[in-house]
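Undergrad: input_19.txt is reproduced in full below (compact mmCIF, N, CA and C atoms).
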# COMPACT_ATOMS: atom_id res chain seq x y z
N MET H 1083 7.89 -3.36 13.74
CA MET H 1083 8.27 -4.03 12.53
C MET H 1083 8.24 -3.02 11.38
N GLU H 1084 9.30 -2.99 10.59
CA GLU H 1084 9.42 -2.04 9.48
C GLU H 1084 9.11 -2.75 8.16
N VAL H 1085 8.37 -2.09 7.31
CA VAL H 1085 8.02 -2.63 6.01
C VAL H 1085 8.88 -1.92 4.97
N GLU H 1086 9.56 -2.70 4.13
CA GLU H 1086 10.46 -2.12 3.14
C GLU H 1086 9.67 -1.33 2.09
N GLY H 1087 10.15 -0.12 1.80
CA GLY H 1087 9.53 0.70 0.78
C GLY H 1087 8.34 1.52 1.25
N SER H 1088 8.06 1.52 2.54
CA SER H 1088 6.92 2.26 3.04
C SER H 1088 7.36 3.16 4.18
N SER H 1089 6.71 4.32 4.28
CA SER H 1089 7.05 5.24 5.36
C SER H 1089 6.30 4.90 6.65
N LYS H 1090 5.25 4.08 6.53
CA LYS H 1090 4.47 3.72 7.71
C LYS H 1090 5.02 2.44 8.33
N LYS H 1091 4.96 2.38 9.63
CA LYS H 1091 5.43 1.19 10.35
C LYS H 1091 4.25 0.29 10.66
N MET H 1092 4.54 -1.00 10.79
CA MET H 1092 3.54 -1.96 11.23
C MET H 1092 3.35 -1.77 12.73
N ILE H 1093 2.15 -1.47 13.15
CA ILE H 1093 1.86 -1.27 14.56
C ILE H 1093 1.28 -2.53 15.17
N ALA H 1094 0.35 -3.17 14.44
CA ALA H 1094 -0.25 -4.41 14.93
C ALA H 1094 0.72 -5.57 14.73
N THR H 1095 0.86 -6.41 15.74
CA THR H 1095 1.73 -7.57 15.62
C THR H 1095 0.99 -8.72 14.96
N GLN H 1096 1.74 -9.73 14.53
CA GLN H 1096 1.12 -10.90 13.92
C GLN H 1096 0.15 -11.58 14.89
N GLU H 1097 0.54 -11.64 16.17
CA GLU H 1097 -0.32 -12.28 17.16
C GLU H 1097 -1.65 -11.54 17.30
N GLU H 1098 -1.60 -10.22 17.32
CA GLU H 1098 -2.83 -9.43 17.43
C GLU H 1098 -3.73 -9.65 16.21
N MET H 1099 -3.12 -9.71 15.03
CA MET H 1099 -3.91 -9.90 13.81
C MET H 1099 -4.52 -11.30 13.75
N VAL H 1100 -3.78 -12.29 14.21
CA VAL H 1100 -4.32 -13.66 14.25
C VAL H 1100 -5.46 -13.73 15.25
N LYS H 1101 -5.27 -13.12 16.43
CA LYS H 1101 -6.30 -13.13 17.47
C LYS H 1101 -7.57 -12.43 16.98
N ALA H 1102 -7.40 -11.33 16.21
CA ALA H 1102 -8.55 -10.58 15.72
C ALA H 1102 -9.11 -11.18 14.42
N LYS H 1103 -8.48 -12.25 13.93
CA LYS H 1103 -8.91 -12.95 12.71
C LYS H 1103 -8.93 -12.01 11.50
N VAL H 1104 -7.88 -11.22 11.37
CA VAL H 1104 -7.75 -10.33 10.22
C VAL H 1104 -7.30 -11.18 9.03
N PRO H 1105 -8.02 -11.13 7.91
CA PRO H 1105 -7.61 -11.91 6.73
C PRO H 1105 -6.22 -11.49 6.25
N LEU H 1106 -5.51 -12.43 5.64
CA LEU H 1106 -4.15 -12.16 5.19
C LEU H 1106 -4.06 -10.96 4.25
N ALA H 1107 -5.04 -10.80 3.39
CA ALA H 1107 -5.01 -9.70 2.43
C ALA H 1107 -5.10 -8.33 3.10
N TYR H 1108 -5.57 -8.27 4.32
CA TYR H 1108 -5.75 -6.99 5.02
C TYR H 1108 -4.67 -6.75 6.07
N ARG H 1109 -3.66 -7.57 6.12
CA ARG H 1109 -2.60 -7.42 7.12
C ARG H 1109 -1.51 -6.51 6.59
N ASP H 1110 -1.82 -5.23 6.54
CA ASP H 1110 -0.87 -4.25 6.07
C ASP H 1110 -0.61 -3.22 7.17
N GLN H 1111 -0.07 -2.08 6.81
CA GLN H 1111 0.27 -1.06 7.81
C GLN H 1111 -0.96 -0.42 8.44
N CYS H 1112 -2.14 -0.70 7.92
CA CYS H 1112 -3.38 -0.14 8.49
C CYS H 1112 -4.16 -1.17 9.31
N ALA H 1113 -3.60 -2.33 9.52
CA ALA H 1113 -4.32 -3.39 10.24
C ALA H 1113 -4.64 -2.98 11.67
N HIS H 1114 -3.79 -2.14 12.25
CA HIS H 1114 -4.06 -1.70 13.63
C HIS H 1114 -5.34 -0.87 13.72
N LEU H 1115 -5.77 -0.30 12.59
CA LEU H 1115 -7.03 0.44 12.56
C LEU H 1115 -8.21 -0.45 12.18
N LEU H 1116 -7.93 -1.53 11.47
CA LEU H 1116 -8.99 -2.45 11.06
C LEU H 1116 -9.51 -3.27 12.25
N ILE H 1117 -8.65 -3.58 13.18
CA ILE H 1117 -9.05 -4.41 14.33
C ILE H 1117 -10.17 -3.73 15.13
N PRO H 1118 -10.00 -2.47 15.58
CA PRO H 1118 -11.12 -1.84 16.31
C PRO H 1118 -12.33 -1.58 15.42
N LEU H 1119 -12.12 -1.35 14.12
CA LEU H 1119 -13.24 -1.16 13.21
C LEU H 1119 -14.09 -2.42 13.14
N ASN H 1120 -13.45 -3.57 12.98
CA ASN H 1120 -14.20 -4.82 12.92
C ASN H 1120 -14.91 -5.13 14.23
N LYS H 1121 -14.28 -4.79 15.36
CA LYS H 1121 -14.94 -4.99 16.66
C LYS H 1121 -16.19 -4.12 16.76
N CYS H 1122 -16.06 -2.88 16.30
CA CYS H 1122 -17.20 -1.96 16.32
C CYS H 1122 -18.31 -2.47 15.40
N ARG H 1123 -17.93 -2.93 14.22
CA ARG H 1123 -18.92 -3.45 13.28
C ARG H 1123 -19.69 -4.63 13.87
N GLN H 1124 -18.98 -5.53 14.53
CA GLN H 1124 -19.66 -6.68 15.13
C GLN H 1124 -20.57 -6.25 16.27
N ALA H 1125 -20.11 -5.29 17.06
CA ALA H 1125 -20.91 -4.82 18.19
C ALA H 1125 -22.16 -4.08 17.72
N GLU H 1126 -22.08 -3.43 16.56
CA GLU H 1126 -23.20 -2.64 16.04
C GLU H 1126 -23.98 -3.36 14.95
N PHE H 1127 -23.73 -4.67 14.78
CA PHE H 1127 -24.44 -5.49 13.80
C PHE H 1127 -24.30 -4.97 12.36
N TYR H 1128 -23.10 -4.45 12.05
CA TYR H 1128 -22.75 -4.00 10.70
C TYR H 1128 -23.70 -2.93 10.14
N LEU H 1129 -24.29 -2.12 10.99
CA LEU H 1129 -25.14 -1.03 10.53
C LEU H 1129 -24.25 0.01 9.84
N PRO H 1130 -24.58 0.42 8.62
CA PRO H 1130 -23.68 1.28 7.86
C PRO H 1130 -23.47 2.66 8.45
N TRP H 1131 -24.40 3.17 9.23
CA TRP H 1131 -24.24 4.51 9.80
C TRP H 1131 -23.51 4.49 11.14
N LYS H 1132 -23.16 3.31 11.61
CA LYS H 1132 -22.37 3.19 12.84
C LYS H 1132 -20.89 3.07 12.47
N CYS H 1133 -20.02 3.33 13.38
CA CYS H 1133 -18.56 3.18 13.23
C CYS H 1133 -18.01 4.03 12.10
N GLU H 1134 -18.63 5.16 11.82
CA GLU H 1134 -18.17 6.00 10.71
C GLU H 1134 -16.79 6.58 10.96
N ALA H 1135 -16.51 6.99 12.18
CA ALA H 1135 -15.21 7.59 12.49
C ALA H 1135 -14.08 6.57 12.30
N GLU H 1136 -14.31 5.35 12.80
CA GLU H 1136 -13.31 4.29 12.66
C GLU H 1136 -13.09 3.94 11.19
N ARG H 1137 -14.18 3.86 10.44
CA ARG H 1137 -14.07 3.51 9.02
C ARG H 1137 -13.33 4.61 8.26
N HIS H 1138 -13.63 5.86 8.57
CA HIS H 1138 -12.97 6.97 7.89
C HIS H 1138 -11.46 6.95 8.13
N VAL H 1139 -11.06 6.72 9.37
CA VAL H 1139 -9.63 6.69 9.70
C VAL H 1139 -8.95 5.53 8.97
N TYR H 1140 -9.60 4.36 8.95
CA TYR H 1140 -9.02 3.20 8.27
C TYR H 1140 -8.91 3.45 6.76
N GLU H 1141 -9.95 3.97 6.15
CA GLU H 1141 -9.94 4.21 4.71
C GLU H 1141 -8.93 5.29 4.33
N LYS H 1142 -8.74 6.28 5.18
CA LYS H 1142 -7.74 7.31 4.94
C LYS H 1142 -6.34 6.70 4.96
N CYS H 1143 -6.10 5.82 5.90
CA CYS H 1143 -4.81 5.14 5.99
C CYS H 1143 -4.56 4.31 4.72
N GLU H 1144 -5.56 3.57 4.28
CA GLU H 1144 -5.41 2.76 3.06
C GLU H 1144 -5.16 3.66 1.85
N TYR H 1145 -5.86 4.78 1.77
CA TYR H 1145 -5.68 5.72 0.67
C TYR H 1145 -4.26 6.25 0.63
N GLU H 1146 -3.72 6.59 1.81
CA GLU H 1146 -2.35 7.10 1.87
C GLU H 1146 -1.35 6.04 1.43
N LEU H 1147 -1.59 4.78 1.77
CA LEU H 1147 -0.71 3.70 1.31
C LEU H 1147 -0.75 3.56 -0.21
N VAL H 1148 -1.94 3.64 -0.79
CA VAL H 1148 -2.07 3.53 -2.24
C VAL H 1148 -1.36 4.69 -2.92
N MET H 1149 -1.55 5.89 -2.43
CA MET H 1149 -0.90 7.06 -3.02
C MET H 1149 0.62 6.96 -2.91
N GLU H 1150 1.11 6.44 -1.80
CA GLU H 1150 2.55 6.26 -1.62
C GLU H 1150 3.10 5.26 -2.64
N ARG H 1151 2.37 4.15 -2.85
CA ARG H 1151 2.81 3.16 -3.84
C ARG H 1151 2.77 3.75 -5.25
N MET H 1152 1.77 4.57 -5.55
CA MET H 1152 1.68 5.19 -6.87
C MET H 1152 2.86 6.13 -7.11
N LEU H 1153 3.24 6.91 -6.11
CA LEU H 1153 4.38 7.81 -6.24
C LEU H 1153 5.68 7.02 -6.43
N GLN H 1154 5.83 5.92 -5.71
CA GLN H 1154 7.02 5.08 -5.87
C GLN H 1154 7.08 4.51 -7.28
N MET H 1155 5.95 4.06 -7.81
CA MET H 1155 5.92 3.50 -9.15
C MET H 1155 6.22 4.58 -10.19
N GLN H 1156 5.72 5.78 -9.98
CA GLN H 1156 6.00 6.88 -10.89
C GLN H 1156 7.49 7.18 -10.93
N LYS H 1157 8.15 7.19 -9.77
CA LYS H 1157 9.59 7.43 -9.72
C LYS H 1157 10.35 6.33 -10.45
N ILE H 1158 9.92 5.08 -10.29
CA ILE H 1158 10.57 3.96 -10.98
C ILE H 1158 10.43 4.12 -12.49
N ARG H 1159 9.24 4.48 -12.94
CA ARG H 1159 9.02 4.67 -14.39
C ARG H 1159 9.87 5.81 -14.93
N GLU H 1160 10.00 6.90 -14.18
CA GLU H 1160 10.82 8.02 -14.61
C GLU H 1160 12.29 7.61 -14.70
N GLN H 1161 12.76 6.82 -13.73
CA GLN H 1161 14.15 6.35 -13.76
C GLN H 1161 14.38 5.44 -14.96
N GLU H 1162 13.43 4.55 -15.24
CA GLU H 1162 13.56 3.66 -16.40
C GLU H 1162 13.55 4.44 -17.70
N ALA H 1163 12.71 5.46 -17.79
CA ALA H 1163 12.65 6.29 -19.00
C ALA H 1163 13.96 7.05 -19.18
N ALA H 1164 14.53 7.56 -18.11
CA ALA H 1164 15.79 8.29 -18.20
C ALA H 1164 16.92 7.34 -18.62
N ALA H 1165 16.93 6.13 -18.06
CA ALA H 1165 17.96 5.15 -18.43
C ALA H 1165 17.80 4.72 -19.88
N LYS H 1166 16.57 4.59 -20.34
CA LYS H 1166 16.31 4.18 -21.71
C LYS H 1166 16.71 5.27 -22.70
N SER H 1167 16.50 6.52 -22.34
CA SER H 1167 16.85 7.62 -23.25
C SER H 1167 18.36 7.79 -23.37
N LYS H 1168 19.13 7.36 -22.39
CA LYS H 1168 20.58 7.46 -22.43
C LYS H 1168 21.20 6.40 -23.35
N GLN H 1169 20.52 5.30 -23.56
CA GLN H 1169 21.04 4.23 -24.40
C GLN H 1169 20.90 4.62 -25.86
N PRO H 1170 21.89 4.24 -26.69
CA PRO H 1170 21.77 4.55 -28.11
C PRO H 1170 20.63 3.74 -28.73
N GLN H 1171 19.90 4.40 -29.61
CA GLN H 1171 18.74 3.77 -30.22
C GLN H 1171 19.05 3.42 -31.67
N GLY H 1172 18.49 2.33 -32.13
CA GLY H 1172 18.57 1.97 -33.53
C GLY H 1172 19.90 1.36 -33.94
N ILE H 1173 20.05 1.15 -35.25
CA ILE H 1173 21.22 0.53 -35.83
C ILE H 1173 22.13 1.65 -36.35
N PRO H 1174 23.44 1.59 -36.06
CA PRO H 1174 24.32 2.63 -36.56
C PRO H 1174 24.43 2.58 -38.08
N LEU H 1175 24.50 3.75 -38.70
CA LEU H 1175 24.57 3.81 -40.16
C LEU H 1175 25.92 3.35 -40.69
N ILE H 1176 26.98 3.65 -39.96
CA ILE H 1176 28.32 3.24 -40.37
C ILE H 1176 28.76 2.13 -39.42
N PRO H 1177 28.89 0.89 -39.92
CA PRO H 1177 29.29 -0.20 -39.04
C PRO H 1177 30.75 -0.06 -38.63
N LYS H 1178 31.05 -0.53 -37.42
CA LYS H 1178 32.42 -0.49 -36.94
C LYS H 1178 33.15 -1.73 -37.46
N THR H 1179 34.33 -1.53 -37.94
CA THR H 1179 35.14 -2.64 -38.44
C THR H 1179 36.00 -3.16 -37.31
N ALA H 1180 36.59 -4.30 -37.53
CA ALA H 1180 37.41 -4.93 -36.50
C ALA H 1180 38.68 -4.15 -36.23
N ASN H 1181 39.23 -3.47 -37.25
CA ASN H 1181 40.47 -2.73 -37.09
C ASN H 1181 40.26 -1.30 -36.61
N ALA H 1182 39.06 -0.81 -36.63
CA ALA H 1182 38.81 0.59 -36.32
C ALA H 1182 38.73 0.86 -34.86
As structure tokens, please, write out the structure in this file.

TA:
Amino acid sequence: MEVEGSSKKMIATQEEMVKAKVPLAYRDQCAHLLIPLNKCRQAEFYLPWKCEAERHVYEKCEYELVMERMLQMQKIREQEAAAKSKQPQGIPLIPKTANA
């Protein structure tokens, strides 16, 4: 499944995410990493020093998604600024007449 505007593909299917009880807010391109992380957390009783490798990989994936969205937003803002600078600003000093 391809997500519009992102370079990462969805690896986990909807069925896998429902089966793993992944909350809707976390069903993004990194959900395939969250599923084994949550399984590890449950198996290790949520001890913070356990599952560090899985957590690091998941957080890195989320960080890359955030950075990608920030770059996309920066490009959009630059395009809007360029389009705005091309438009004439202010009121013309000499008004155009109907015959001119």

Undergrad: Which residues, written as JSON, numbers by chain, have at least one atom at most 9 Å from segment 1092-1107 of chain H, with only C-alpha atoms counted and residues fewer than 4 positions away on the same chain left out?

TA: {"H": [1083, 1084, 1085, 1111, 1112, 1113, 1114, 1115, 1116, 1117, 1120, 1121]}

Undergrad: Identify, on the basis of only N, CA and C atoms, every residue whose closest approach to segment 1148-1150 of chain H does not exceed 8 Å; exclude the query and any residue fewer than 4 positions from it along the same chain; express the result as JSON, numbers by chain.

TA: {"H": [1087, 1088, 1089, 1142, 1143, 1144, 1154, 1155, 1156]}

Undergrad: Could you pull out the alpha helix (DSSP H) residues of segment 1085-1181 of chain H, going by DSSP on the backbone, and write them as a PyMOL selection string?

TA: chain H and resi 1096-1101+1113-1125+1134-1168

Undergrad: Quick one: axis-aligned box around all listed atoms of segment 1161-1176 of chain H, 4 Å on every side, centre and edge lengths in Å to one decimal, written as AutoDock Vina command-line options.

TA:
--center_x 20.7 --center_y 4.4 --center_z -27.2 --size_x 24.1 --size_y 15.8 --size_z 35.0

Undergrad: Have a look at atom CA of Asp1110 of chain H and atom CA of Val1139 of chain H and let me know their distance in Å, one decimal.

TA: 14.5 Å

Undergrad: Export C-alpha atoms of segment 1091-1120 of chain H from the structure just given, as a PDB file, in the first residue's frame?

TA:
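Full text of decode_23.pdb as output:
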ATOM      1  CA  LYS H1091       5.569   2.327   1.922  1.00  0.00           C
ATOM      2  CA  MET H1092       3.044   0.813   4.291  1.00  0.00           C
ATOM      3  CA  ILE H1093       4.377  -2.624   5.171  1.00  0.00           C
ATOM      4  CA  ALA H1094       1.876  -3.668   7.844  1.00  0.00           C
ATOM      5  CA  THR H1095      -1.608  -4.425   6.535  1.00  0.00           C
ATOM      6  CA  GLN H1096      -4.819  -3.227   8.160  1.00  0.00           C
ATOM      7  CA  GLU H1097      -5.546  -6.787   9.292  1.00  0.00           C
ATOM      8  CA  GLU H1098      -2.166  -7.089  11.015  1.00  0.00           C
ATOM      9  CA  MET H1099      -2.640  -3.756  12.774  1.00  0.00           C
ATOM     10  CA  VAL H1100      -6.150  -4.686  13.940  1.00  0.00           C
ATOM     11  CA  LYS H1101      -4.908  -8.079  15.167  1.00  0.00           C
ATOM     12  CA  ALA H1102      -2.038  -6.394  17.056  1.00  0.00           C
ATOM     13  CA  LYS H1103      -4.477  -3.766  18.445  1.00  0.00           C
ATOM     14  CA  VAL H1104      -2.419  -0.844  17.170  1.00  0.00           C
ATOM     15  CA  PRO H1105      -4.260   2.414  17.996  1.00  0.00           C
ATOM     16  CA  LEU H1106      -5.453   4.408  14.989  1.00  0.00           C
ATOM     17  CA  ALA H1107      -3.083   7.286  15.746  1.00  0.00           C
ATOM     18  CA  TYR H1108      -0.082   4.945  15.395  1.00  0.00           C
ATOM     19  CA  ARG H1109      -1.090   3.296  12.114  1.00  0.00           C
ATOM     20  CA  ASP H1110       1.479   4.959   9.918  1.00  0.00           C
ATOM     21  CA  GLN H1111       4.428   3.791   7.817  1.00  0.00           C
ATOM     22  CA  CYS H1112       6.250   2.694  10.986  1.00  0.00           C
ATOM     23  CA  ALA H1113       3.469   0.455  12.318  1.00  0.00           C
ATOM     24  CA  HIS H1114       5.313  -2.640  11.111  1.00  0.00           C
ATOM     25  CA  LEU H1115       8.015  -1.775  13.665  1.00  0.00           C
ATOM     26  CA  LEU H1116       5.573  -0.938  16.448  1.00  0.00           C
ATOM     27  CA  ILE H1117       3.941  -4.381  16.387  1.00  0.00           C
ATOM     28  CA  PRO H1118       7.084  -6.336  17.454  1.00  0.00           C
ATOM     29  CA  LEU H1119       8.013  -3.521  19.867  1.00  0.00           C
ATOM     30  CA  ASN H1120       4.674  -3.812  21.659  1.00  0.00           C
TER      31      ASN H1120
END
